[in-house]
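Below: final09.txt (compact mmCIF, C-alpha atoms)
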# COMPACT_ATOMS: atom_id res chain seq x y z
CA MET A 11 0.05 -16.34 -33.26
CA THR A 12 3.14 -17.90 -31.62
CA SER A 13 5.52 -15.58 -33.50
CA GLN A 14 3.44 -12.54 -32.49
CA ILE A 15 3.46 -13.61 -28.84
CA ASP A 16 7.20 -14.20 -29.02
CA ALA A 17 7.68 -10.71 -30.46
CA ILE A 18 5.66 -9.22 -27.60
CA ARG A 19 7.64 -11.16 -25.00
CA THR A 20 10.97 -10.22 -26.58
CA ALA A 21 10.08 -6.52 -26.78
CA ILE A 22 9.12 -6.44 -23.11
CA LEU A 23 12.17 -8.36 -21.93
CA GLU A 24 14.50 -6.13 -23.99
CA GLY A 25 12.88 -2.94 -22.69
CA ALA A 26 11.59 -1.75 -26.05
CA PRO A 27 10.38 1.88 -26.12
CA ALA A 28 6.68 2.65 -25.85
CA GLU A 29 6.27 3.44 -29.55
CA ASP A 30 7.65 0.03 -30.49
CA ILE A 31 5.27 -1.67 -28.04
CA ALA A 32 2.37 0.30 -29.51
CA ASN A 33 3.23 -0.91 -33.02
CA LEU A 34 3.37 -4.61 -32.17
CA PRO A 35 0.55 -6.61 -33.80
CA ILE A 36 -1.97 -8.08 -31.37
CA PRO A 37 -2.74 -11.78 -31.94
CA GLU A 38 -6.33 -12.75 -32.65
CA SER A 39 -6.20 -15.35 -29.87
CA THR A 40 -4.34 -16.07 -26.66
CA ARG A 41 -3.24 -19.05 -24.61
CA ALA A 42 -5.37 -19.19 -21.46
CA ALA A 43 -6.45 -21.31 -18.50
CA VAL A 44 -10.16 -21.96 -18.99
CA ILE A 45 -13.11 -23.97 -17.80
CA LEU A 46 -15.77 -25.11 -20.27
CA ALA A 47 -19.52 -24.60 -20.11
CA GLU A 48 -20.13 -28.13 -21.37
CA GLU A 49 -18.39 -29.52 -18.26
CA GLN A 50 -20.04 -27.45 -15.54
CA GLU A 51 -21.98 -30.43 -14.17
CA MET A 52 -18.93 -32.69 -13.94
CA PHE A 53 -18.70 -32.47 -10.14
CA ALA A 54 -22.44 -32.72 -9.41
CA GLY A 55 -23.13 -34.55 -6.16
CA MET A 56 -19.50 -34.57 -5.01
CA ALA A 57 -18.27 -33.11 -1.73
CA SER A 58 -16.19 -29.96 -2.10
CA GLU A 59 -12.96 -31.62 -0.97
CA GLU A 60 -13.37 -34.29 -3.65
CA LYS A 61 -13.57 -31.83 -6.53
CA ASP A 62 -10.30 -31.67 -8.46
CA PRO A 63 -9.37 -28.65 -10.63
CA ARG A 64 -7.06 -30.91 -12.63
CA GLN A 65 -10.19 -32.39 -14.20
CA SER A 66 -11.84 -29.10 -15.14
CA VAL A 67 -9.06 -26.63 -16.02
CA HIS A 68 -7.77 -26.62 -19.60
CA ILE A 69 -4.96 -24.70 -21.27
CA GLN A 70 -6.05 -23.73 -24.76
CA ASP A 71 -6.19 -20.87 -27.23
CA VAL A 72 -9.25 -18.60 -27.11
CA ALA A 73 -10.25 -15.74 -29.39
CA LEU A 74 -9.66 -12.22 -28.11
CA PRO A 75 -12.54 -9.76 -28.45
CA GLU A 76 -12.42 -6.19 -29.69
CA ILE A 77 -11.68 -3.86 -26.79
CA ALA A 78 -14.19 -1.26 -25.59
CA PRO A 79 -13.24 2.44 -25.51
CA ASP A 80 -12.48 2.29 -21.78
CA GLU A 81 -10.41 -0.91 -21.92
CA ALA A 82 -6.85 -2.02 -22.50
CA VAL A 83 -5.09 -5.12 -23.77
CA ILE A 84 -2.28 -6.18 -21.48
CA ALA A 85 0.53 -8.66 -21.93
CA VAL A 86 0.38 -10.76 -18.77
CA MET A 87 3.87 -11.48 -17.51
CA ALA A 88 2.64 -13.18 -14.34
CA THR A 89 -0.59 -13.84 -12.50
CA SER A 90 -1.70 -15.73 -9.39
CA ILE A 91 -4.19 -18.14 -7.86
CA ASN A 92 -6.91 -16.85 -5.56
CA PHE A 93 -9.63 -18.75 -3.79
CA ASN A 94 -12.10 -17.52 -6.39
CA THR A 95 -9.98 -19.40 -8.95
CA VAL A 96 -10.70 -22.53 -6.94
CA TRP A 97 -14.42 -21.73 -6.82
CA THR A 98 -14.47 -21.17 -10.59
CA SER A 99 -12.61 -24.40 -11.30
CA ILE A 100 -14.88 -26.58 -9.16
CA PHE A 101 -18.13 -24.74 -10.11
CA GLU A 102 -18.80 -23.91 -6.46
CA PRO A 103 -20.95 -22.50 -4.93
CA VAL A 104 -22.41 -21.89 -8.40
CA SER A 105 -21.10 -22.11 -11.93
CA THR A 106 -19.52 -18.85 -13.05
CA PHE A 107 -21.14 -19.21 -16.47
CA GLY A 108 -24.29 -17.74 -14.91
CA PHE A 109 -22.33 -14.55 -14.19
CA LEU A 110 -21.10 -14.39 -17.78
CA LYS A 111 -24.61 -14.83 -19.20
CA ARG A 112 -25.97 -11.99 -17.03
CA LEU A 113 -23.12 -9.71 -18.09
CA GLY A 114 -23.78 -10.69 -21.70
CA LYS A 115 -27.31 -9.28 -21.49
CA GLU A 116 -26.24 -5.82 -20.31
CA SER A 117 -24.81 -4.36 -23.51
CA ALA A 118 -23.08 -5.11 -26.78
CA TRP A 119 -19.76 -4.88 -24.98
CA GLY A 120 -21.01 -7.16 -22.23
CA ALA A 121 -22.04 -9.76 -24.81
CA ARG A 122 -18.36 -10.45 -25.52
CA HIS A 123 -18.08 -12.17 -22.14
CA ASP A 124 -20.84 -14.74 -22.73
CA GLN A 125 -18.73 -17.52 -24.21
CA PRO A 126 -18.66 -21.34 -23.91
CA PHE A 127 -15.34 -20.91 -22.07
CA HIS A 128 -14.32 -18.85 -19.05
CA VAL A 129 -10.78 -17.43 -18.81
CA MET A 130 -10.12 -17.33 -15.08
CA GLY A 131 -7.78 -15.21 -12.98
CA SER A 132 -8.23 -12.07 -10.86
CA ASP A 133 -4.61 -10.87 -10.56
CA ALA A 134 -1.95 -9.87 -13.07
CA SER A 135 1.22 -7.92 -13.65
CA GLY A 136 2.30 -7.00 -17.14
CA VAL A 137 2.59 -4.37 -19.83
CA VAL A 138 -0.08 -2.35 -21.62
CA LEU A 139 -0.18 -3.17 -25.36
CA ARG A 140 -3.25 -1.25 -26.56
CA VAL A 141 -5.72 1.19 -25.08
CA GLY A 142 -9.24 2.12 -26.13
CA SER A 143 -10.15 5.55 -27.45
CA ALA A 144 -11.44 6.78 -24.08
CA VAL A 145 -8.34 5.80 -22.05
CA ARG A 146 -6.27 8.82 -21.00
CA ASN A 147 -4.06 7.83 -18.02
CA TRP A 148 -2.36 4.78 -19.50
CA LYS A 149 -0.46 4.07 -22.70
CA PRO A 150 1.30 1.17 -24.43
CA GLY A 151 4.52 0.24 -22.68
CA ASP A 152 3.30 1.06 -19.16
CA ARG A 153 4.23 -1.55 -16.58
CA VAL A 154 1.16 -2.31 -14.51
CA THR A 155 -0.55 -4.45 -11.96
CA VAL A 156 -4.28 -5.13 -12.20
CA HIS A 157 -6.92 -5.02 -9.51
CA CYS A 158 -10.12 -6.96 -10.04
CA ASN A 159 -12.94 -4.47 -9.39
CA HIS A 160 -14.88 -4.45 -12.68
CA VAL A 161 -17.46 -1.66 -12.50
CA ASP A 162 -19.56 0.41 -14.89
CA ASP A 163 -19.05 4.06 -14.01
CA GLN A 164 -22.22 5.05 -15.92
CA ASP A 165 -24.30 3.57 -13.10
CA PRO A 166 -25.06 6.19 -10.41
CA THR A 167 -24.80 3.53 -7.70
CA SER A 168 -21.06 3.29 -8.36
CA HIS A 169 -20.10 6.85 -7.49
CA GLU A 170 -19.91 6.97 -3.70
CA ASP A 171 -18.29 3.59 -3.27
CA SER A 172 -17.99 1.50 -6.42
CA MET A 173 -18.18 -1.71 -4.38
CA LEU A 174 -21.82 -0.77 -3.77
CA SER A 175 -22.53 -0.52 -7.48
CA SER A 176 -25.52 -2.53 -8.63
CA ASN A 177 -23.40 -4.13 -11.37
CA GLN A 178 -20.02 -4.41 -9.63
CA ARG A 179 -18.19 -7.58 -10.60
CA ILE A 180 -14.90 -9.33 -9.93
CA TRP A 181 -12.78 -9.50 -13.08
CA GLY A 182 -11.82 -13.05 -14.02
CA PHE A 183 -14.49 -14.49 -11.71
CA GLU A 184 -17.71 -12.76 -12.77
CA THR A 185 -16.25 -11.58 -16.09
CA ASN A 186 -14.35 -13.30 -18.86
CA PHE A 187 -10.81 -12.78 -20.20
CA GLY A 188 -9.14 -12.82 -16.78
CA GLY A 189 -5.49 -12.86 -15.81
CA LEU A 190 -4.63 -16.54 -16.27
CA ALA A 191 -3.63 -15.98 -19.89
CA ASP A 192 -0.84 -14.52 -22.02
CA LEU A 193 -3.06 -11.60 -23.01
CA SER A 194 -5.97 -10.15 -21.07
CA ILE A 195 -8.67 -7.49 -21.42
CA VAL A 196 -9.12 -5.05 -18.52
CA LYS A 197 -10.85 -1.77 -17.85
CA ALA A 198 -8.50 1.21 -17.62
CA ASN A 199 -9.68 1.87 -14.06
CA GLN A 200 -8.30 -1.51 -13.03
CA LEU A 201 -4.72 -0.50 -13.80
CA MET A 202 -2.11 0.50 -11.22
CA PRO A 203 1.67 1.03 -11.41
CA LYS A 204 3.89 -2.02 -11.06
CA PRO A 205 6.21 -1.88 -7.99
CA GLU A 206 9.69 -1.15 -9.36
CA HIS A 207 11.55 -3.28 -6.81
CA LEU A 208 9.50 -6.44 -7.34
CA THR A 209 9.68 -9.13 -9.99
CA TRP A 210 6.76 -9.84 -12.27
CA GLU A 211 5.61 -12.76 -10.13
CA GLU A 212 5.98 -10.85 -6.85
CA SER A 213 3.99 -7.95 -8.30
CA ALA A 214 1.24 -10.25 -9.55
CA VAL A 215 0.18 -11.76 -6.24
CA ASN A 216 -0.81 -8.66 -4.28
CA ALA A 217 -3.76 -6.83 -5.79
CA LEU A 218 -6.76 -8.97 -4.84
CA CYS A 219 -5.67 -10.06 -1.36
CA ASN A 220 -3.79 -6.90 -0.42
CA SER A 221 -6.65 -4.61 -1.50
CA THR A 222 -9.21 -6.75 0.32
CA SER A 223 -7.21 -6.66 3.53
CA TYR A 224 -6.67 -2.90 3.19
CA ARG A 225 -10.41 -2.28 2.96
CA MET A 226 -11.18 -4.66 5.81
CA ILE A 227 -8.57 -3.33 8.24
CA VAL A 228 -7.69 0.24 7.25
CA SER A 229 -10.56 1.78 5.28
CA LYS A 230 -13.54 3.57 6.80
CA ASN A 231 -15.58 1.18 4.64
CA GLY A 232 -14.22 -1.69 6.72
CA ALA A 233 -13.19 -1.88 10.36
CA GLY A 234 -11.16 1.37 10.32
CA MET A 235 -8.63 0.06 12.85
CA THR A 236 -6.97 2.63 15.11
CA GLN A 237 -3.69 2.46 17.02
CA GLY A 238 -3.64 0.05 19.93
CA GLN A 239 -6.64 -1.99 18.83
CA SER A 240 -6.30 -5.76 18.91
CA VAL A 241 -7.35 -7.85 15.91
CA LEU A 242 -7.96 -11.60 15.77
CA ILE A 243 -6.85 -12.81 12.34
CA TRP A 244 -7.96 -16.24 11.21
CA GLY A 245 -5.51 -17.86 8.78
CA ALA A 246 -2.93 -15.19 9.56
CA THR A 247 -0.33 -16.56 7.14
CA GLY A 248 -2.79 -17.31 4.33
CA GLY A 249 -3.68 -15.42 1.18
CA ILE A 250 -5.45 -12.46 2.80
CA GLY A 251 -4.49 -13.06 6.42
CA ALA A 252 -0.81 -12.37 5.78
CA TYR A 253 -1.63 -8.92 4.40
CA ALA A 254 -4.02 -8.27 7.28
CA THR A 255 -1.22 -9.08 9.73
CA GLN A 256 1.02 -6.52 8.02
CA TYR A 257 -1.68 -3.82 8.12
CA VAL A 258 -2.38 -4.35 11.81
CA LEU A 259 1.32 -4.14 12.64
CA ASN A 260 1.90 -1.11 10.41
CA GLY A 261 -1.12 0.69 11.88
CA GLY A 262 -0.04 0.31 15.49
CA GLY A 263 -2.46 -2.49 16.26
CA ILE A 264 -1.95 -5.80 18.02
CA PRO A 265 -2.50 -8.82 15.79
CA VAL A 266 -3.58 -12.11 17.32
CA GLY A 267 -2.78 -14.56 14.56
CA VAL A 268 -4.47 -17.95 14.27
CA VAL A 269 -2.54 -20.62 12.34
CA SER A 270 -2.48 -24.40 12.15
CA SER A 271 1.12 -25.49 12.76
CA PRO A 272 4.27 -24.59 14.74
CA GLU A 273 6.00 -23.70 11.48
CA ARG A 274 3.28 -21.19 10.61
CA ALA A 275 3.47 -19.81 14.12
CA ALA A 276 7.21 -19.27 13.64
CA LEU A 277 6.51 -17.50 10.35
CA LEU A 278 4.10 -15.14 12.11
CA ASN A 279 6.72 -14.44 14.77
CA GLU A 280 9.23 -13.55 12.06
CA MET A 281 6.67 -11.13 10.60
CA GLY A 282 6.53 -9.41 13.99
CA CYS A 283 3.32 -10.93 15.34
CA GLU A 284 3.93 -11.99 18.94
CA ALA A 285 0.45 -13.20 19.91
CA VAL A 286 -0.07 -16.47 18.05
CA ILE A 287 -2.61 -19.26 18.47
CA ASP A 288 -1.90 -22.67 16.95
CA ARG A 289 -5.47 -23.93 16.58
CA ARG A 290 -4.40 -27.53 16.00
CA ALA A 291 -2.20 -27.59 19.07
CA GLU A 292 -5.12 -26.13 21.07
CA ASP A 293 -7.41 -28.68 19.36
CA TYR A 294 -10.42 -26.37 19.16
CA LYS A 295 -13.63 -28.14 18.19
CA PHE A 296 -16.19 -25.41 17.69
CA TRP A 297 -18.76 -27.91 16.35
CA LYS A 298 -19.91 -30.96 18.30
CA ASP A 299 -21.58 -32.25 15.15
CA ASP A 300 -22.90 -30.83 11.88
CA ASN A 301 -25.73 -29.02 13.67
CA THR A 302 -24.43 -28.12 17.14
CA GLN A 303 -21.71 -25.68 18.17
CA ASP A 304 -19.82 -25.96 21.46
CA GLN A 305 -19.90 -22.73 23.47
CA LYS A 306 -17.34 -24.13 25.89
CA GLU A 307 -14.85 -24.04 23.04
CA TRP A 308 -15.74 -20.39 22.38
CA LEU A 309 -15.01 -19.68 26.04
CA ARG A 310 -11.70 -21.49 25.79
CA LEU A 311 -10.69 -19.44 22.74
CA GLY A 312 -11.64 -16.21 24.51
CA LYS A 313 -9.56 -17.20 27.53
CA LYS A 314 -6.58 -17.95 25.27
CA ILE A 315 -6.87 -14.53 23.62
CA ARG A 316 -6.97 -12.75 26.97
CA SER A 317 -3.92 -14.68 28.14
CA LEU A 318 -2.01 -13.33 25.14
CA VAL A 319 -3.12 -9.68 24.97
CA GLY A 320 -4.86 -9.11 28.30
CA ARG A 321 -8.31 -8.33 26.90
CA ASP A 322 -10.90 -9.26 24.29
CA VAL A 323 -10.17 -8.27 20.71
CA ASP A 324 -11.61 -5.10 19.19
CA ILE A 325 -11.86 -6.58 15.69
CA VAL A 326 -12.14 -10.08 14.24
CA PHE A 327 -10.81 -10.52 10.70
CA GLU A 328 -13.18 -13.28 9.61
CA HIS A 329 -13.12 -15.26 6.38
CA PRO A 330 -13.42 -19.03 7.11
CA GLY A 331 -17.19 -18.65 7.55
CA ARG A 332 -19.20 -21.55 8.91
CA GLN A 333 -16.39 -23.20 10.85
CA THR A 334 -15.45 -20.11 12.87
CA MET A 335 -18.21 -17.49 12.75
CA GLY A 336 -19.87 -18.56 15.99
CA ALA A 337 -16.57 -18.26 17.82
CA SER A 338 -15.75 -14.96 16.08
CA VAL A 339 -18.97 -13.28 17.20
CA PHE A 340 -18.46 -14.57 20.73
CA VAL A 341 -14.83 -13.48 21.27
CA ALA A 342 -15.13 -9.93 19.89
CA LYS A 343 -15.26 -7.41 22.72
CA ARG A 344 -18.42 -5.57 23.76
CA GLY A 345 -19.01 -3.03 20.99
CA GLY A 346 -16.44 -4.78 18.80
CA THR A 347 -16.53 -5.51 15.08
CA ILE A 348 -16.51 -8.77 13.14
CA ILE A 349 -15.51 -7.97 9.56
CA THR A 350 -16.05 -10.77 7.05
CA CYS A 351 -15.13 -11.12 3.37
CA ALA A 352 -15.57 -14.80 2.53
CA ALA A 353 -16.64 -18.22 3.75
CA THR A 354 -14.04 -20.73 2.66
CA SER A 355 -15.32 -23.39 5.08
CA GLY A 356 -18.99 -22.90 4.18
CA PHE A 357 -21.39 -20.09 3.33
CA MET A 358 -24.28 -21.00 5.64
CA ILE A 359 -23.06 -19.54 8.92
CA GLU A 360 -24.51 -19.77 12.44
CA TYR A 361 -23.85 -17.73 15.56
CA ASP A 362 -25.63 -16.96 18.81
CA ASN A 363 -27.30 -13.62 18.14
CA ARG A 364 -27.53 -12.80 21.86
CA TYR A 365 -23.80 -12.10 21.87
CA LEU A 366 -24.18 -9.75 18.93
CA TRP A 367 -27.21 -7.69 19.88
CA MET A 368 -26.89 -7.64 23.68
CA ASN A 369 -23.20 -6.71 23.52
CA LEU A 370 -23.70 -4.13 20.74
CA LYS A 371 -21.27 -5.82 18.37
CA THR A 372 -21.20 -5.18 14.64
CA LEU A 373 -21.08 -7.92 11.99
CA LYS A 374 -20.00 -6.23 8.76
CA GLY A 375 -19.61 -7.61 5.27
CA CYS A 376 -16.67 -6.56 3.12
CA HIS A 377 -15.96 -7.35 -0.52
CA PHE A 378 -12.69 -6.53 -2.31
CA ALA A 379 -12.01 -2.77 -2.61
CA ASN A 380 -12.85 0.29 -4.68
CA TYR A 381 -10.27 1.84 -7.02
CA ARG A 382 -9.08 4.38 -4.44
CA GLU A 383 -8.55 1.67 -1.81
CA ALA A 384 -6.83 -0.67 -4.25
CA TYR A 385 -4.59 2.15 -5.49
CA GLU A 386 -3.61 3.10 -1.93
CA ALA A 387 -2.89 -0.54 -1.07
CA ASN A 388 -0.75 -0.81 -4.22
CA ARG A 389 1.07 2.42 -3.31
CA LEU A 390 2.09 0.89 0.00
CA VAL A 391 3.55 -2.08 -1.88
CA CYS A 392 5.37 0.29 -4.25
CA GLU A 393 6.83 2.13 -1.26
CA GLY A 394 7.98 -1.07 0.43
CA LYS A 395 5.62 -0.71 3.39
CA ILE A 396 3.63 -3.86 2.50
CA HIS A 397 5.41 -6.89 1.10
CA PRO A 398 4.30 -9.71 -1.19
CA THR A 399 3.48 -13.05 0.37
CA LEU A 400 4.60 -15.15 -2.59
CA SER A 401 5.49 -18.67 -1.53
CA ARG A 402 5.37 -20.78 -4.71
CA VAL A 403 5.66 -20.11 -8.44
CA LEU A 404 4.28 -22.36 -11.17
CA THR A 405 3.65 -21.91 -14.89
CA LEU A 406 0.44 -21.25 -16.77
CA GLU A 407 0.43 -24.88 -17.89
CA GLN A 408 0.35 -25.84 -14.19
CA THR A 409 -2.67 -23.70 -13.32
CA ALA A 410 -4.77 -26.74 -12.34
CA GLU A 411 -2.06 -28.04 -9.98
CA ALA A 412 -1.69 -24.57 -8.47
CA ALA A 413 -5.46 -24.30 -7.90
CA LEU A 414 -5.45 -27.71 -6.23
CA MET A 415 -2.72 -26.57 -3.82
CA VAL A 416 -4.85 -23.62 -2.75
CA HIS A 417 -7.97 -25.80 -2.58
CA ARG A 418 -6.17 -28.18 -0.20
CA ASN A 419 -4.55 -25.39 1.86
CA GLU A 420 -1.10 -26.78 1.07
CA VAL A 421 0.76 -23.47 0.77
CA GLU A 422 1.16 -20.31 2.79
CA GLY A 423 0.62 -16.90 1.30
CA LYS A 424 0.13 -16.77 -2.45
CA VAL A 425 0.87 -19.01 -5.42
CA GLY A 426 2.23 -17.10 -8.40
CA VAL A 427 1.86 -18.21 -12.01
CA LEU A 428 4.22 -17.26 -14.85
CA ALA A 429 2.50 -16.38 -18.11
CA LEU A 430 4.69 -14.55 -20.66
CA ALA A 431 7.61 -14.24 -18.25
CA PRO A 432 9.99 -17.07 -19.24
CA ALA A 433 11.52 -17.40 -15.79
CA GLU A 434 11.35 -16.08 -12.25
CA GLY A 435 13.30 -13.05 -11.09
CA LEU A 436 12.61 -10.72 -14.04
CA GLY A 437 11.04 -7.26 -14.16
CA VAL A 438 12.96 -5.43 -11.40
CA THR A 439 13.82 -1.82 -12.27
CA ASN A 440 14.91 -0.62 -8.81
CA PRO A 441 17.50 -3.16 -7.61
CA GLU A 442 18.80 -0.89 -4.81
CA MET A 443 15.39 -0.77 -3.12
CA ARG A 444 14.98 -4.50 -3.66
CA GLU A 445 18.29 -5.30 -2.00
CA ARG A 446 17.34 -3.24 1.05
CA LEU A 447 13.97 -4.99 1.45
CA LEU A 448 14.97 -8.47 0.29
CA PRO A 449 14.49 -10.28 3.66
CA GLN A 450 10.85 -9.11 3.85
CA ILE A 451 10.17 -9.68 0.14
CA THR A 452 11.40 -13.28 0.21
CA LEU A 453 10.11 -14.28 3.66
CA TYR A 454 7.36 -16.55 2.35
CA ARG A 455 9.60 -18.09 -0.29
CA ARG A 456 12.17 -18.96 2.37
CA PHE A 457 9.48 -20.44 4.58
CA ASN A 458 8.24 -22.64 1.75
CA ALA A 459 11.72 -23.74 0.64

Step by step, read the file and then write its structure as structure tokens.
Amino acid sequence: MTSQIDAIRTAILEGAPAEDIANLPIPESTRAAVILAEEQEMFAGMASEEKDPRQSVHIQDVALPEIAPDEAVIAVMATSINFNTVWTSIFEPVSTFGFLKRLGKESAWGARHDQPFHVMGSDASGVVLRVGSAVRNWKPGDRVTVHCNHVDDQDPTSHEDSMLSSNQRIWGFETNFGGLADLSIVKANQLMPKPEHLTWEESAVNALCNSTSYRMIVSKNGAGMTQGQSVLIWGATGGIGAYATQYVLNGGGIPVGVVSSPERAALLNEMGCEAVIDRRAEDYKFWKDDNTQDQKEWLRLGKKIRSLVGRDVDIVFEHPGRQTMGASVFVAKRGGTIITCAATSGFMIEYDNRYLWMNLKTLKGCHFANYREAYEANRLVCEGKIHPTLSRVLTLEQTAEAALMVHRNEVEGKVGVLALAPAEGLGVTNPEMRERLLPQITLYRRFNA
């Protein structure tokens, strides 16, 4: 297996032609970052902050399944850590093995995913090695990035907006054989072109967070921001917040970025965001205790926003959940929109409904992106309009440490993970474009140096 993997890596690094890639033997197994079904109760009774991915994540070889007609095998050059990687690794809010068992009951192809291990990872950049008999737009040798919308196009519910499909899943979170591996199995409609001016690791960090932010800010399925609208962005230098900030600026909006340190405020300023709130410096305490929110603090936040942009915000880009939702509903303008995609501080949210219904505000849920949205978001990266927010790079063997960094909110932007790529800085095929955009591409790396 090692010699076959080495041959794959060498062929990719040496730019072997497509026919040579197509003729490479595919190993029967792959190195991968996994959690184990037998350990899914290991953190029972522990508080979330006490759960440590270093105890649950293992690097080991796992068998690769036969690919379905609409699937591809990809050589993963690089991947990344998302918050769903953290959730998987700490079995929170539920064990992901329940997702795999439900998928296993759907079909013979679905049964491949119901294993005593779960290969995590919902991002990847790499090279196509094999395609199933029904794949027509991709071939071995294609350089790709992968988005994580895993959907069955035979279901009629998937054909207006696939995110509304009754069996829509997130690859590597609700399916097996994700991106934190040397080889991965993906559906053909997850594939997108790799940006030519970016390295493997820079290309690997965008798809999940960038696509999510695109849908939330730009798409008609999200907030559909228009020019001149103001947007409050919680965690504006974080995994999804940093992409949201770019979309608001690119779309002629006014971002109001919330961060937690002077250094992060400076980073936002360098991105072009002038209205910045350092929540720690302001010392907001939206909760008096575990059961009582403080409306005076909501008022204080609203006053701070108006002092920066002269009015209430049109849109709130909400993802912390329990900690901030009450404030988010309050500070949105009359008729405004609160768009939410996650709940990293807690899923059981509370807000004063009077401020929603009596002021005709909209609270809207948003989850990843459909293929069209993800493809458009990737196109903007390929064209150099949206830039990666890569701040740290680790190796596949360090997946647990990388997940812990994200769990503890110790890094800005995204954490990349090298899989088959032997070093950083590889994979660029348009160096002229890269040189022109280098300050924006490396902004988060320079901040984290």

List the neighbours of Met443 of chain A out to 10 Å using only C-alpha atoms; skip same-chain residues closer than 4 positions along the sequence, and give me the result as a PyMOL selection string. chain A and resi 206-208+393-394+438-439+447-448

Spatial neighbours of segment 283-297 of chain A, max dist 7 Å, all atoms listed in the file, sep filter under 6 positions, as a list in words: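 Final neighbour list, sorted by chain and number: Pro265, Val266, Gly267, Val268, Val269, Ser270, Ser271, Pro272, Ala275, Gln303, Asp304, Glu307, Trp308 and Leu318 of chain A.
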
Between atom CA of Asp192 of chain A and atom CA of Ser39 of chain A - distance in Å to one decimal: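 So the answer is 9.5 Å.
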
Closest pair table for segment 190-236 of chain A residues within 6 Å of segment 79-98 of chain A, all atoms listed in the file, as a tab-separated table:
residue	atom	partner	partner_atom	distance
A:Asp192	CA	A:Val86	CA	5.1
A:Leu193	CA	A:Ala85	CA	4.8
A:Ser194	CA	A:Ile84	CA	5.4
A:Ile195	CA	A:Val83	CA	4.9
A:Val196	CA	A:Ala82	CA	5.5
A:Lys197	CA	A:Glu81	CA	4.2
A:Ala198	CA	A:Glu81	CA	5.2
A:Trp210	CA	A:Ala88	CA	5.7
A:Glu211	CA	A:Ala88	CA	5.2
A:Ala214	CA	A:Thr89	CA	5.0
A:Val215	CA	A:Ser90	CA	5.4

Would you please work out which residue, of A:Ser213, A:Leu74, A:Gly234, A:Glu184, is nearest to Glu434 of chain A when using all atoms listed in the file? A:Ser213

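Nearest to Met173 of chain A of all the residues A:Arg274, A:Arg446, A:His377, A:Arg402 is A:His377, based on all atoms listed in the file.
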
Go ahead and compute the interatomic distance for atom CA of Ile100 of chain A and atom CA of Ala410 of chain A, in Å to one decimal.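 Value for the atom CA of Ile100 of chain A-atom CA of Ala410 of chain A distance: 10.6 Å.
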